[in-house]
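**Q** This is the content of start.cif (mmCIF, C-alpha atoms and all ligand atoms):
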```cif
data_entry
#
loop_
_atom_site.label_atom_id
_atom_site.label_comp_id
_atom_site.auth_asym_id
_atom_site.auth_seq_id
_atom_site.Cartn_x
_atom_site.Cartn_y
_atom_site.Cartn_z
CA MET A 164 -28.72 7.72 10.51
CA ALA A 165 -31.04 5.52 8.47
CA GLY A 166 -33.36 3.11 10.32
CA ILE A 167 -31.78 0.11 12.01
CA GLY A 168 -33.16 -2.90 10.19
CA ARG A 169 -30.49 -5.59 10.29
CA MET A 170 -28.41 -7.22 12.97
CA ASN A 171 -24.75 -8.09 12.57
CA GLU A 172 -23.37 -11.41 13.83
CA ARG A 173 -23.13 -9.90 17.34
CA GLY A 174 -26.74 -8.80 17.40
CA VAL A 175 -25.81 -5.15 16.88
CA GLY A 176 -28.25 -3.17 14.75
CA MET A 177 -26.97 -2.01 11.33
CA ALA A 178 -28.52 0.64 9.09
CA ASP A 179 -30.89 -1.02 6.63
CA GLU A 180 -30.64 1.74 4.08
CA ILE A 181 -27.51 3.69 3.27
CA ARG A 182 -28.26 7.40 3.11
CA THR A 183 -24.89 8.80 4.05
CA ILE A 184 -21.48 7.25 3.68
CA GLY A 185 -18.16 8.35 5.08
CA VAL A 186 -14.73 7.92 3.55
CA LEU A 187 -11.32 8.04 5.20
CA THR A 188 -7.72 7.26 4.35
CA SER A 189 -5.53 5.62 6.98
CA GLY A 190 -1.93 4.43 7.42
CA GLY A 191 0.70 5.43 4.85
CA ASP A 192 -0.61 7.57 1.98
CA ALA A 193 -0.42 6.07 -1.51
CA PRO A 194 -0.79 7.58 -5.00
CA GLY A 195 -4.28 6.79 -6.26
CA MET A 196 -6.01 7.33 -2.92
CA ASN A 197 -7.46 10.57 -4.32
CA ALA A 198 -8.85 8.73 -7.33
CA ALA A 199 -10.54 6.28 -4.94
CA ILE A 200 -12.00 9.11 -2.81
CA ARG A 201 -13.29 10.82 -5.95
CA ALA A 202 -14.92 7.62 -7.15
CA VAL A 203 -16.59 6.97 -3.78
CA VAL A 204 -17.99 10.50 -3.74
CA ARG A 205 -19.24 10.57 -7.31
CA GLN A 206 -20.65 7.05 -7.34
CA ALA A 207 -22.50 7.73 -4.08
CA LEU A 208 -23.90 11.09 -5.19
CA ALA A 209 -25.10 9.49 -8.43
CA LYS A 210 -27.13 7.09 -6.27
CA GLY A 211 -28.58 9.91 -4.16
CA VAL A 212 -26.34 9.03 -1.19
CA LYS A 213 -24.61 11.83 0.73
CA VAL A 214 -20.90 11.67 1.46
CA LYS A 215 -18.83 12.86 4.40
CA GLY A 216 -15.05 13.01 4.32
CA ILE A 217 -13.27 12.12 7.54
CA LYS A 218 -9.90 13.82 7.78
CA LYS A 219 -6.67 12.22 9.07
CA GLY A 220 -7.86 8.63 9.35
CA TYR A 221 -9.19 7.25 12.62
CA GLN A 222 -7.55 10.12 14.50
CA GLY A 223 -9.72 12.59 12.59
CA LEU A 224 -12.79 10.45 13.28
CA LEU A 225 -12.12 10.60 17.02
CA ASN A 226 -11.54 14.36 16.74
CA GLU A 227 -14.73 14.72 14.66
CA GLU A 228 -12.89 16.29 11.74
CA ILE A 229 -15.74 15.55 9.36
CA VAL A 230 -16.70 17.56 6.28
CA ASP A 231 -19.42 17.26 3.63
CA LEU A 232 -18.10 16.22 0.24
CA GLU A 233 -19.79 17.36 -2.97
CA ARG A 234 -18.97 16.68 -6.61
CA SER A 235 -16.82 19.79 -6.72
CA SER A 236 -14.94 18.80 -3.55
CA VAL A 237 -13.23 16.07 -5.56
CA SER A 238 -12.60 18.06 -8.75
CA ASP A 239 -9.02 18.32 -9.90
CA ILE A 240 -7.67 15.64 -7.55
CA ILE A 241 -7.43 12.47 -9.65
CA GLN A 242 -3.94 13.42 -10.84
CA ARG A 243 -2.61 14.30 -7.40
CA GLY A 244 -0.50 12.10 -5.14
CA GLY A 245 -1.08 11.85 -1.38
CA THR A 246 -4.60 12.08 -0.03
CA ILE A 247 -6.74 15.22 0.12
CA LEU A 248 -8.29 13.89 3.33
CA GLY A 249 -4.95 13.50 5.06
CA THR A 250 -3.98 10.34 6.90
CA ALA A 251 -2.65 9.34 10.29
CA ARG A 252 -1.75 6.49 12.54
CA CYS A 253 -3.93 6.47 15.66
CA MET A 254 -3.08 4.36 18.68
CA GLU A 255 -6.28 5.30 20.51
CA PHE A 256 -8.33 3.56 17.83
CA LYS A 257 -6.72 0.24 18.73
CA THR A 258 -8.52 0.39 22.09
CA GLU A 259 -12.08 -0.74 22.78
CA GLU A 260 -12.94 2.75 24.11
CA GLY A 261 -11.54 4.41 20.98
CA GLN A 262 -13.54 2.13 18.70
CA GLU A 263 -16.71 2.66 20.77
CA LYS A 264 -16.21 6.43 20.52
CA GLY A 265 -15.57 6.16 16.76
CA ALA A 266 -18.81 4.25 16.21
CA ARG A 267 -20.76 6.77 18.31
CA ILE A 268 -19.32 9.66 16.29
CA CYS A 269 -20.30 7.95 13.01
CA MET A 270 -23.86 7.56 14.32
CA LYS A 271 -23.95 11.15 15.54
CA HIS A 272 -23.00 12.36 12.04
CA GLY A 273 -25.51 10.05 10.38
CA ILE A 274 -22.80 7.93 8.76
CA ASP A 275 -24.46 4.62 7.87
CA GLY A 276 -21.51 3.19 5.96
CA LEU A 277 -17.79 3.88 5.84
CA VAL A 278 -15.16 3.27 3.17
CA VAL A 279 -11.72 2.84 4.71
CA ILE A 280 -8.78 3.17 2.34
CA GLY A 281 -5.59 1.74 3.84
CA GLY A 282 -3.69 -1.41 4.66
CA ASP A 283 -4.18 -4.42 6.94
CA GLY A 284 -4.04 -2.30 10.11
CA SER A 285 -6.76 -0.01 8.79
CA TYR A 286 -8.90 -3.06 7.96
CA ARG A 287 -8.77 -4.11 11.61
CA GLY A 288 -10.14 -0.71 12.54
CA ALA A 289 -12.91 -1.14 9.95
CA GLN A 290 -13.70 -4.57 11.34
CA ALA A 291 -14.00 -3.11 14.85
CA LEU A 292 -16.44 -0.45 13.61
CA SER A 293 -18.46 -3.04 11.75
CA ARG A 294 -18.81 -5.05 14.98
CA LYS A 295 -20.21 -1.92 16.57
CA GLY A 296 -22.90 -1.44 13.98
CA ILE A 297 -21.26 0.70 11.28
CA ASN A 298 -21.27 -0.82 7.79
CA THR A 299 -17.66 -0.81 6.57
CA ILE A 300 -15.81 -1.64 3.36
CA GLY A 301 -12.00 -1.60 3.07
CA LEU A 302 -10.01 -0.65 -0.01
CA PRO A 303 -6.37 -1.76 -0.36
CA GLY A 304 -4.29 1.42 -0.22
CA THR A 305 -0.56 0.86 0.16
CA ILE A 306 2.54 1.10 -2.00
CA ASP A 307 3.83 -2.13 -0.44
CA LEU A 308 1.49 -4.63 -2.23
CA ASP A 309 1.47 -6.59 1.02
CA ILE A 310 -2.27 -7.26 1.30
CA SER A 311 -2.98 -10.95 0.88
CA CYS A 312 -6.45 -10.91 -0.65
CA THR A 313 -5.42 -8.87 -3.67
CA ASP A 314 -2.88 -8.89 -6.49
CA TYR A 315 -3.19 -5.11 -6.76
CA THR A 316 -2.96 -2.36 -4.15
CA ILE A 317 -3.58 1.33 -4.77
CA GLY A 318 -0.22 3.08 -5.15
CA PHE A 319 2.07 0.14 -5.90
CA ASP A 320 2.19 0.80 -9.64
CA THR A 321 3.15 4.45 -9.17
CA ALA A 322 5.72 3.60 -6.52
CA ILE A 323 7.50 1.00 -8.65
CA ASN A 324 7.55 3.31 -11.67
CA THR A 325 8.93 6.18 -9.59
CA ALA A 326 11.55 3.90 -8.05
CA MET A 327 12.43 2.36 -11.42
CA GLN A 328 13.08 5.77 -12.95
CA ALA A 329 15.16 6.85 -9.95
CA ILE A 330 17.22 3.65 -10.12
CA ASP A 331 17.88 4.21 -13.85
CA LYS A 332 19.30 7.61 -12.92
CA VAL A 333 21.50 6.22 -10.17
CA ARG A 334 22.72 3.63 -12.65
CA ASP A 335 23.88 6.36 -15.07
CA THR A 336 26.11 7.98 -12.50
CA SER A 337 27.17 4.63 -11.09
CA SER A 338 28.39 3.49 -14.54
CA SER A 339 30.13 6.79 -15.23
CA HIS A 340 32.15 6.50 -12.01
CA GLU A 341 32.47 2.72 -12.19
CA ARG A 342 30.89 2.45 -8.76
CA CYS A 343 28.81 -0.14 -7.05
CA SER A 344 25.40 1.16 -5.89
CA ILE A 345 23.13 -0.22 -3.21
CA ILE A 346 19.66 1.23 -3.67
CA GLU A 347 17.21 0.71 -0.86
CA VAL A 348 13.53 0.68 -1.71
CA MET A 349 10.48 0.77 0.57
CA GLY A 350 8.06 -2.03 1.33
CA ARG A 351 8.18 -2.46 5.10
CA ASN A 352 8.60 -6.24 5.57
CA ALA A 353 7.58 -7.07 2.01
CA GLY A 354 9.94 -7.31 -0.96
CA TYR A 355 7.51 -6.66 -3.84
CA ILE A 356 8.90 -3.22 -4.72
CA ALA A 357 12.45 -4.60 -4.56
CA LEU A 358 11.57 -7.62 -6.71
CA TRP A 359 9.75 -5.65 -9.41
CA CYS A 360 12.42 -2.94 -9.59
CA GLY A 361 15.22 -5.46 -9.36
CA VAL A 362 13.93 -7.17 -12.50
CA ALA A 363 12.85 -3.99 -14.28
CA ASN A 364 16.17 -2.24 -13.62
CA GLY A 365 18.31 -5.24 -14.48
CA ALA A 366 19.94 -5.27 -11.05
CA GLU A 367 22.93 -7.51 -10.43
CA ASP A 368 21.66 -8.45 -6.96
CA ILE A 369 18.17 -8.27 -5.42
CA LEU A 370 17.83 -8.65 -1.66
CA LEU A 371 14.37 -9.61 -0.43
CA PRO A 372 13.29 -10.06 3.20
CA GLU A 373 11.10 -13.03 2.24
CA LYS A 374 14.12 -14.85 0.77
CA TYR A 375 16.60 -14.06 3.44
CA ASP A 376 19.57 -16.11 2.36
CA PHE A 377 21.79 -13.06 2.67
CA ASN A 378 25.42 -13.88 2.03
CA GLU A 379 27.57 -10.79 1.75
CA GLN A 380 30.60 -12.76 0.60
CA ARG A 381 28.59 -14.05 -2.39
CA ILE A 382 27.70 -10.45 -3.31
CA ILE A 383 31.34 -9.40 -2.94
CA ASN A 384 32.52 -12.26 -5.19
CA ASN A 385 29.83 -11.34 -7.69
CA ILE A 386 31.00 -7.70 -7.81
CA ILE A 387 34.65 -8.70 -8.25
CA ASN A 388 33.83 -11.22 -11.00
CA ASN A 389 31.62 -8.75 -12.85
CA ARG A 390 34.31 -6.09 -12.70
CA LYS A 391 36.85 -8.57 -14.13
CA LYS A 392 34.42 -9.18 -17.01
CA GLY A 393 34.39 -5.43 -17.70
CA LYS A 394 31.08 -4.42 -16.11
CA THR A 395 31.24 -0.76 -15.15
CA HIS A 396 28.45 -0.76 -12.62
CA HIS A 397 26.93 -3.10 -10.07
CA ILE A 398 23.41 -2.36 -8.87
CA ILE A 399 22.12 -4.00 -5.73
CA ILE A 400 18.45 -3.46 -4.94
CA ASN A 401 17.98 -3.84 -1.22
CA ALA A 402 14.54 -4.04 0.38
CA GLU A 403 13.74 -1.85 3.39
CA GLY A 404 12.92 -5.04 5.30
CA ILE A 405 16.63 -5.95 5.12
CA GLY A 406 17.92 -2.38 5.45
CA HIS A 407 21.44 -1.47 6.67
CA SER A 408 22.39 -0.28 3.18
CA THR A 409 24.93 2.29 4.37
CA SER A 410 26.93 -0.11 6.53
CA MET A 411 26.66 -2.75 3.80
CA ALA A 412 28.16 -0.26 1.33
CA ARG A 413 31.08 0.43 3.68
CA ARG A 414 31.84 -3.27 4.08
CA ILE A 415 31.55 -3.98 0.35
CA GLU A 416 33.88 -1.09 -0.51
CA ALA A 417 36.43 -2.32 2.05
CA ALA A 418 36.29 -5.88 0.70
CA THR A 419 36.30 -5.09 -3.05
CA GLY A 420 38.24 -1.85 -3.23
CA ILE A 421 35.45 -0.58 -5.50
CA GLU A 422 33.77 2.68 -4.52
CA THR A 423 30.34 1.73 -3.18
CA ARG A 424 27.51 4.12 -2.36
CA ALA A 425 24.15 3.60 -0.73
CA THR A 426 21.05 5.48 -1.89
CA ILE A 427 17.91 5.21 0.18
CA LEU A 428 15.02 6.28 -2.04
CA GLY A 429 12.64 6.89 0.86
CA TYR A 430 9.44 8.91 0.65
CA MET A 431 9.89 10.01 -2.95
CA GLN A 432 8.51 6.52 -3.75
CA ARG A 433 5.30 7.25 -1.90
CA GLY A 434 4.50 10.61 -3.45
CA GLY A 435 3.83 11.91 -6.93
CA SER A 436 1.12 11.81 -9.53
CA PRO A 437 -0.47 8.35 -9.85
CA THR A 438 0.03 6.27 -12.98
CA CYS A 439 -2.87 5.54 -15.30
CA LYS A 440 -3.20 2.07 -13.78
CA ASP A 441 -3.45 3.44 -10.23
CA ARG A 442 -5.99 6.06 -11.28
CA PHE A 443 -8.10 3.51 -13.14
CA TYR A 444 -8.02 0.65 -10.63
CA ALA A 445 -8.53 3.01 -7.67
CA SER A 446 -11.53 4.54 -9.46
CA ILE A 447 -13.11 1.14 -10.10
CA MET A 448 -12.44 0.04 -6.53
CA GLY A 449 -13.91 3.25 -5.07
CA ALA A 450 -17.08 2.82 -7.11
CA TYR A 451 -17.22 -0.91 -6.27
CA ALA A 452 -16.94 -0.19 -2.52
CA THR A 453 -19.82 2.28 -2.77
CA ASP A 454 -21.94 -0.18 -4.74
CA ILE A 455 -21.55 -3.00 -2.25
CA LEU A 456 -22.12 -0.70 0.74
CA CYS A 457 -25.37 0.42 -0.85
CA GLN A 458 -26.30 -3.23 -1.45
CA GLY A 459 -26.11 -3.70 2.32
CA LYS A 460 -22.74 -5.44 2.51
CA THR A 461 -20.47 -4.74 5.46
CA ASN A 462 -17.19 -5.93 6.96
CA ARG A 463 -15.81 -6.60 3.46
CA VAL A 464 -12.65 -5.59 1.62
CA VAL A 465 -12.28 -5.13 -2.11
CA GLY A 466 -9.50 -6.90 -3.95
CA TYR A 467 -8.38 -7.62 -7.50
CA ARG A 468 -7.59 -11.24 -8.19
CA ASN A 469 -7.45 -13.41 -11.29
CA GLY A 470 -8.39 -10.46 -13.46
CA GLU A 471 -11.51 -9.51 -11.48
CA PHE A 472 -12.54 -7.11 -8.76
CA GLN A 473 -13.95 -9.10 -5.85
CA ASP A 474 -14.85 -8.61 -2.21
CA TYR A 475 -13.98 -10.68 0.82
CA ASP A 476 -14.98 -10.86 4.45
CA ILE A 477 -12.40 -8.85 6.44
CA GLU A 478 -11.74 -11.77 8.80
CA GLU A 479 -11.05 -14.09 5.88
CA ALA A 480 -8.96 -11.47 4.09
CA LEU A 481 -6.78 -10.91 7.16
CA ALA A 482 -6.26 -14.66 7.58
CA MET A 483 -5.02 -15.13 4.00
CA GLU A 484 -1.32 -15.51 3.27
CA LYS A 485 0.65 -14.02 0.44
CA HIS A 486 4.08 -14.98 -0.80
CA ILE A 487 6.47 -13.78 -3.45
CA PRO A 488 5.67 -16.14 -6.38
CA GLU A 489 8.46 -18.72 -6.49
CA TYR A 490 8.75 -18.52 -10.27
CA HIS A 491 9.13 -14.72 -10.18
CA TYR A 492 11.93 -15.15 -7.66
CA GLU A 493 13.69 -17.84 -9.72
CA VAL A 494 13.50 -15.69 -12.84
CA SER A 495 14.82 -12.65 -10.97
CA ARG A 496 17.82 -14.72 -9.84
CA ALA A 497 18.47 -16.18 -13.26
CA LEU A 498 18.30 -12.82 -15.04
CA SER A 499 20.58 -11.04 -12.58
CA MET A 500 23.39 -13.55 -12.94
P1 LIG A 601 -1.87 0.16 7.41
O1 LIG A 601 -3.33 0.41 7.41
O2 LIG A 601 -1.16 0.78 6.27
O3 LIG A 601 -1.53 -1.30 7.63
P2 LIG A 601 -1.21 0.71 10.18
O4 LIG A 601 -0.90 -0.70 10.53
O5 LIG A 601 -0.32 1.79 10.72
O6 LIG A 601 -1.23 0.98 8.62
O7 LIG A 601 -2.72 0.98 10.64
C1 LIG A 601 -3.33 2.23 10.40
C2 LIG A 601 -4.24 2.56 11.55
O8 LIG A 601 -5.28 1.59 11.64
C3 LIG A 601 -3.59 2.54 12.94
O9 LIG A 601 -2.89 3.71 13.23
C4 LIG A 601 -4.80 2.38 13.81
O10 LIG A 601 -5.48 3.62 13.97
C5 LIG A 601 -5.69 1.46 12.99
N1 LIG A 601 -5.47 0.08 13.45
C6 LIG A 601 -4.38 -0.70 13.25
N2 LIG A 601 -4.51 -1.89 13.87
C7 LIG A 601 -5.71 -1.86 14.49
C8 LIG A 601 -6.43 -2.77 15.32
N3 LIG A 601 -5.94 -3.97 15.63
N4 LIG A 601 -7.64 -2.40 15.76
C9 LIG A 601 -8.16 -1.20 15.44
N5 LIG A 601 -7.53 -0.29 14.69
C10 LIG A 601 -6.33 -0.60 14.21
O1 LIG A 602 3.41 1.26 4.07
C1 LIG A 602 4.02 2.23 3.27
C2 LIG A 602 5.37 2.60 3.84
O2 LIG A 602 5.94 3.62 3.05
C3 LIG A 602 6.35 1.43 3.99
O3 LIG A 602 6.95 1.07 2.77
C4 LIG A 602 7.30 1.97 5.02
O4 LIG A 602 7.91 0.92 5.76
C5 LIG A 602 6.38 2.76 5.92
O5 LIG A 602 5.23 3.09 5.16
C6 LIG A 602 7.00 4.01 6.46
O6 LIG A 602 6.06 4.63 7.28
P1 LIG A 602 6.21 6.06 7.94
O7 LIG A 602 5.32 6.98 7.17
O8 LIG A 602 5.70 5.88 9.32
O9 LIG A 602 7.64 6.45 7.87
#
```
Can you dump the structure from the file as structure tokens?
**A**
Amino acid sequence: MAGIGRMNERGVGMADEIRTIGVLTSGGDAPGMNAAIRAVVRQALAKGVKVKGIKKGYQGLLNEEIVDLERSSVSDIIQRGGTILGTARCMEFKTEEGQEKGARICMKHGIDGLVVIGGDGSYRGAQALSRKGINTIGLPGTIDLDISCTDYTIGFDTAINTAMQAIDKVRDTSSSHERCSIIEVMGRNAGYIALWCGVANGAEDILLPEKYDFNEQRIINNIINNRKKGKTHHIIINAEGIGHSTSMARRIEAATGIETRATILGYMQRGGSPTCKDRFYASIMGAYATDILCQGKTNRVVGYRNGEFQDYDIEEALAMEKHIPEYHYEVSRALSM
């Protein structure tokens, strides 16, 4: 580890010069994570900084699954979905002992700075390491777009395009059979995937957890009225945060007499080759994270807001709130009617 020359706000020594950085992916994988890893590695090597890849998130850190990464280690990965480092959820890292052990392992392997690619939970882990003397930078990696400090998260663009194409296909068969289709998309408690696909796929109803004014009778009336007007399909985009698509389909079929099927898109939305936007933004963010680590910044996360890449203190980033833009919601309602 490089010499300890700075103190963090808790009086813990931090490396003054970054000679080796680590990179890990944590939480749910997202398309574009590989582009970010590649950018971290190549930007660091170009600066004469060594890079170590930590496999399987914080779990791999605690198990010391750490490998050297060279230029060639990240060849031929920018176009691949998932994460070459693997990812995991690790309960042990939520404990003080786990975090202490993680920091010790970083020091043992000479890791002066760490880039953590993941969501809010992963940022909390990064914050804990930073408090224990490891310089950390977080990158927003999640298909859910539910990170407050940024308008963009790595993987969202690919996920919505994958989901949009799948929904178009369901619509074809739905129209042919004159069925109603409830299509459930991912997003955990956030409705961004549902909102974007709902608009992009011209859905008749869009159900968002953030706007929970769920009224099944209104949906039923809507389906019946549309059918009277000669519409051959009825697409309902339901967010995972609302769920219960299969039982909803049964009730709607019973009430309308119209065949109704539920399709839960599931993990297909999380995999696959990243879009150009995800490859590009993830590459810029990976390089940006490396740059600010080497400038001596720590406990920061990178975001994209108002057309610019920026970085924020993790504490501040975690305290920020994010809402579905009211105007987007109004438009989605108006267009689906
Ligand atoms: P995401 O990063 O996508 O939000 P999770 O919430 O599952 O996904 O978090 C990923 C991992 O980050 C967890 O499995 C855990 O190892 C670590 N983590 C989450 N919350 C904390 C916390 N409060 N303190 C330390 N580590 C945490
Ligand atoms: O955060 C990404 C995500 O795919 C969410 O949309 C979903 O709720 C969750 O991960 C599913 O996680 P798991 O991999 O544990 O099934």
**Q** Would you list the residues that come within 8 Å of ligand LIG 601 (chain A)? Count only C-alpha atoms and all ligand atoms and give the answer as a VMD selection string.
**A** chain A and resid 189 to 191 220 to 222 251 to 258 262 280 to 291 304 to 305
**Q** Skip Ser436 (chain A) itself and residues of its chain fewer than 5 positions away, then list as a PyMOL selection string all residues within 7 Å of it, counting all atoms listed in the file.
**A** chain A and resi 194+242-244
**Q** How would you write, as a ChimeraX atom specification, the set of residues no farther than 10 Å from ligand LIG 602 (chain A) when counting only C-alpha atoms and all ligand atoms?
**A** /A:190-193,250-252,281-283,304-309,318-319,322,348-354,356,402-404,429-434
**Q** What's the 10 Å shell around region 439-452 of chain A, counting only C-alpha atoms, without same-chain residues fewer than 4 positions away, as number ranges by chain?
**A** A: 186, 193-207, 241-243, 277-280, 299-304, 315-322, 456-458, 460-461, 463-467, 472-474
**Q** Give me, please, the distance in Å between CA of Asn469 (chain A) and CA of Cys312 (chain A), quoted to one decimal.
**A**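 Interatomic distance, CA of Asn469 (chain A) to CA of Cys312 (chain A): 11.0 Å.
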**Q** Just the number, please: distance in Å from CA of Lys485 (chain A) to CA of Leu371 (chain A), one decimal.
**A**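 Going from CA of Lys485 (chain A) over to CA of Leu371 (chain A) covers 14.4 Å.
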**Q** Please provide as a PyMOL selection string all residues within 9 Å of Gly249 (chain A), with the sequence filter that same-chain residues fewer than 3 positions apart are discarded (counting all atoms listed in the file).
**A** chain A and resi 187-189+192+217-220+223+245-246
**Q** Taking C-alpha atoms for each residue, export the selection above as an mmCIF file, in the frame of the given file.
**A**
```
data_model
loop_
_atom_site.group_PDB
_atom_site.id
_atom_site.type_symbol
_atom_site.label_atom_id
_atom_site.label_comp_id
_atom_site.auth_asym_id
_atom_site.auth_seq_id
_atom_site.Cartn_x
_atom_site.Cartn_y
_atom_site.Cartn_z
ATOM 1 C CA LEU A 187 -11.320 8.040 5.200
ATOM 2 C CA THR A 188 -7.720 7.260 4.350
ATOM 3 C CA SER A 189 -5.530 5.620 6.980
ATOM 4 C CA ASP A 192 -0.610 7.570 1.980
ATOM 5 C CA ILE A 217 -13.270 12.120 7.540
ATOM 6 C CA LYS A 218 -9.900 13.820 7.780
ATOM 7 C CA LYS A 219 -6.670 12.220 9.070
ATOM 8 C CA GLY A 220 -7.860 8.630 9.350
ATOM 9 C CA GLY A 223 -9.720 12.590 12.590
ATOM 10 C CA GLY A 245 -1.080 11.850 -1.380
ATOM 11 C CA THR A 246 -4.600 12.080 -0.030
#
```
**Q** Pick from A:Glu367, A:Phe377, A:His396, A:Glu227: nearest to Ala497 (chain A), with only C-alpha atoms counted?
**A**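 When distances to Ala497 (chain A) are compared using only C-alpha atoms, the smallest one comes from A:Glu367.
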**Q** Using only C-alpha atoms, which residue out of A:Ser238, A:Leu232, A:Ile297, A:Lys332 lies closest to Lys264 (chain A)?
**A**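 Once distances to Lys264 (chain A) are computed over only C-alpha atoms, the minimum belongs to A:Ile297.
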**Q** How many Å separate CA of Arg294 (chain A) from CA of Asn226 (chain A)?
**A**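 One can read the CA of Arg294 (chain A) to CA of Asn226 (chain A) distance as 20.8 Å.
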**Q** Within 7 Å of Asn298 (chain A), counting only C-alpha atoms, which residues qualify if same-chain residues fewer than 4 places away don't, as an MDAnalysis selection string?
**A** chainID A and resid 177 275:277 293 461:462
**Q** Go ahead and save the picked residues with C-alpha atoms, as a PDB file, keeping the file's coordinate frame.
**A**
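Output below, filename out17.pdb:
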```pdb
ATOM      1  CA  MET A 177     -26.970  -2.010  11.330  1.00  0.00           C
ATOM      2  CA  ASP A 275     -24.460   4.620   7.870  1.00  0.00           C
ATOM      3  CA  GLY A 276     -21.510   3.190   5.960  1.00  0.00           C
ATOM      4  CA  LEU A 277     -17.790   3.880   5.840  1.00  0.00           C
ATOM      5  CA  SER A 293     -18.460  -3.040  11.750  1.00  0.00           C
ATOM      6  CA  THR A 461     -20.470  -4.740   5.460  1.00  0.00           C
ATOM      7  CA  ASN A 462     -17.190  -5.930   6.960  1.00  0.00           C
TER       8      ASN A 462
END
```
**Q** Find the smallest box with edges along x, y and z containing every listed atom of region 267-279 of chain A, then add 3 Å on each side and report centre and edge lengths in Å to one decimal, as AutoDock Vina command-line options.
**A**
```
--center_x -18.6 --center_y 7.6 --center_z 10.7 --size_x 19.8 --size_y 15.5 --size_z 21.1
```
**Q** I want to know what sits within 12 Å of His407 (chain A), based on all atoms listed in the file, with residues of the same chain fewer than 2 positions away left out; could you give that as a list in words?
**A** Ile345, Ile346, Glu347, Val348, Leu370, Asn401, Ala402, Glu403, Gly404, Ile405, Thr409, Ser410, Met411, Ala412, Arg413, Arg414, Ala425, Thr426 and Ile427 of chain A
**Q** Write out the residues from the selection above, keeping C-alpha atoms, as a compact mmCIF listing (two decimals), in the frame of the given file.
**A**
```
# COMPACT_ATOMS: atom_id res chain seq x y z
CA ILE A 345 23.13 -0.22 -3.21
CA ILE A 346 19.66 1.23 -3.67
CA GLU A 347 17.21 0.71 -0.86
CA VAL A 348 13.53 0.68 -1.71
CA LEU A 370 17.83 -8.65 -1.66
CA ASN A 401 17.98 -3.84 -1.22
CA ALA A 402 14.54 -4.04 0.38
CA GLU A 403 13.74 -1.85 3.39
CA GLY A 404 12.92 -5.04 5.30
CA ILE A 405 16.63 -5.95 5.12
CA THR A 409 24.93 2.29 4.37
CA SER A 410 26.93 -0.11 6.53
CA MET A 411 26.66 -2.75 3.80
CA ALA A 412 28.16 -0.26 1.33
CA ARG A 413 31.08 0.43 3.68
CA ARG A 414 31.84 -3.27 4.08
CA ALA A 425 24.15 3.60 -0.73
CA THR A 426 21.05 5.48 -1.89
CA ILE A 427 17.91 5.21 0.18
```
**Q** Go through A:Ser235, A:Thr438, A:Thr183, A:Thr395 and flag the residue nearest Ser339 (chain A), using all atoms listed in the file for the distances.
**A**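 For Ser339 (chain A), the nearest of the given residues is A:Thr395.
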**Q** Which one is closest to Gly273 (chain A): A:Ile184, A:Ala357, A:Ala326, A:Leu481? Count only C-alpha atoms.
**A**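 Between A:Ile184, A:Ala357, A:Ala326, A:Leu481, the residue approaching Gly273 (chain A) most closely is A:Ile184.
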**Q** Ranking A:Lys394, A:Arg342, A:His486, A:Lys215 by minimum distance to Ile415 (chain A) and counting only C-alpha atoms, which one comes first?
**A** A:Arg342
**Q** Measuring between all atoms listed in the file, which one of A:Thr453, A:Gly393, A:Ala329, A:His491 shows the shortest distance to Lys213 (chain A)?
**A**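 Of A:Thr453, A:Gly393, A:Ala329, A:His491, the one nearest Lys213 (chain A), counting all atoms listed in the file, is A:Thr453.
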**Q** Step by step: locate region 193-199 of chain A in the block above, keep N, CA, C and O atoms, then write the file as a PDB file, in the first residue's frame.
**A**
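Saved file decode.pdb follows:
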```pdb
ATOM      1  N   ALA A 193     -25.678  -5.761 -14.188  1.00  0.00           N
ATOM      2  CA  ALA A 193     -26.366  -4.873 -15.134  1.00  0.00           C
ATOM      3  C   ALA A 193     -25.511  -4.768 -16.396  1.00  0.00           C
ATOM      4  O   ALA A 193     -24.273  -4.699 -16.301  1.00  0.00           O
ATOM      5  N   PRO A 194     -26.160  -4.764 -17.573  1.00  0.00           N
ATOM      6  CA  PRO A 194     -25.385  -4.665 -18.817  1.00  0.00           C
ATOM      7  C   PRO A 194     -24.636  -3.325 -18.866  1.00  0.00           C
ATOM      8  O   PRO A 194     -25.222  -2.271 -18.597  1.00  0.00           O
ATOM      9  N   GLY A 195     -23.364  -3.397 -19.156  1.00  0.00           N
ATOM     10  CA  GLY A 195     -22.537  -2.186 -19.141  1.00  0.00           C
ATOM     11  C   GLY A 195     -21.517  -2.235 -18.010  1.00  0.00           C
ATOM     12  O   GLY A 195     -20.532  -1.496 -18.006  1.00  0.00           O
ATOM     13  N   MET A 196     -21.737  -3.132 -17.053  1.00  0.00           N
ATOM     14  CA  MET A 196     -20.756  -3.252 -15.962  1.00  0.00           C
ATOM     15  C   MET A 196     -19.388  -3.622 -16.531  1.00  0.00           C
ATOM     16  O   MET A 196     -18.358  -3.135 -16.062  1.00  0.00           O
ATOM     17  N   ASN A 197     -19.376  -4.490 -17.552  1.00  0.00           N
ATOM     18  CA  ASN A 197     -18.080  -4.881 -18.138  1.00  0.00           C
ATOM     19  C   ASN A 197     -17.385  -3.695 -18.805  1.00  0.00           C
ATOM     20  O   ASN A 197     -16.158  -3.572 -18.735  1.00  0.00           O
ATOM     21  N   ALA A 198     -18.171  -2.842 -19.438  1.00  0.00           N
ATOM     22  CA  ALA A 198     -17.577  -1.654 -20.066  1.00  0.00           C
ATOM     23  C   ALA A 198     -16.943  -0.767 -18.994  1.00  0.00           C
ATOM     24  O   ALA A 198     -15.861  -0.191 -19.197  1.00  0.00           O
ATOM     25  N   ALA A 199     -17.604  -0.678 -17.833  1.00  0.00           N
ATOM     26  CA  ALA A 199     -17.062   0.141 -16.734  1.00  0.00           C
ATOM     27  C   ALA A 199     -15.776  -0.475 -16.186  1.00  0.00           C
ATOM     28  O   ALA A 199     -14.786   0.227 -15.938  1.00  0.00           O
TER      29      ALA A 199
END
```
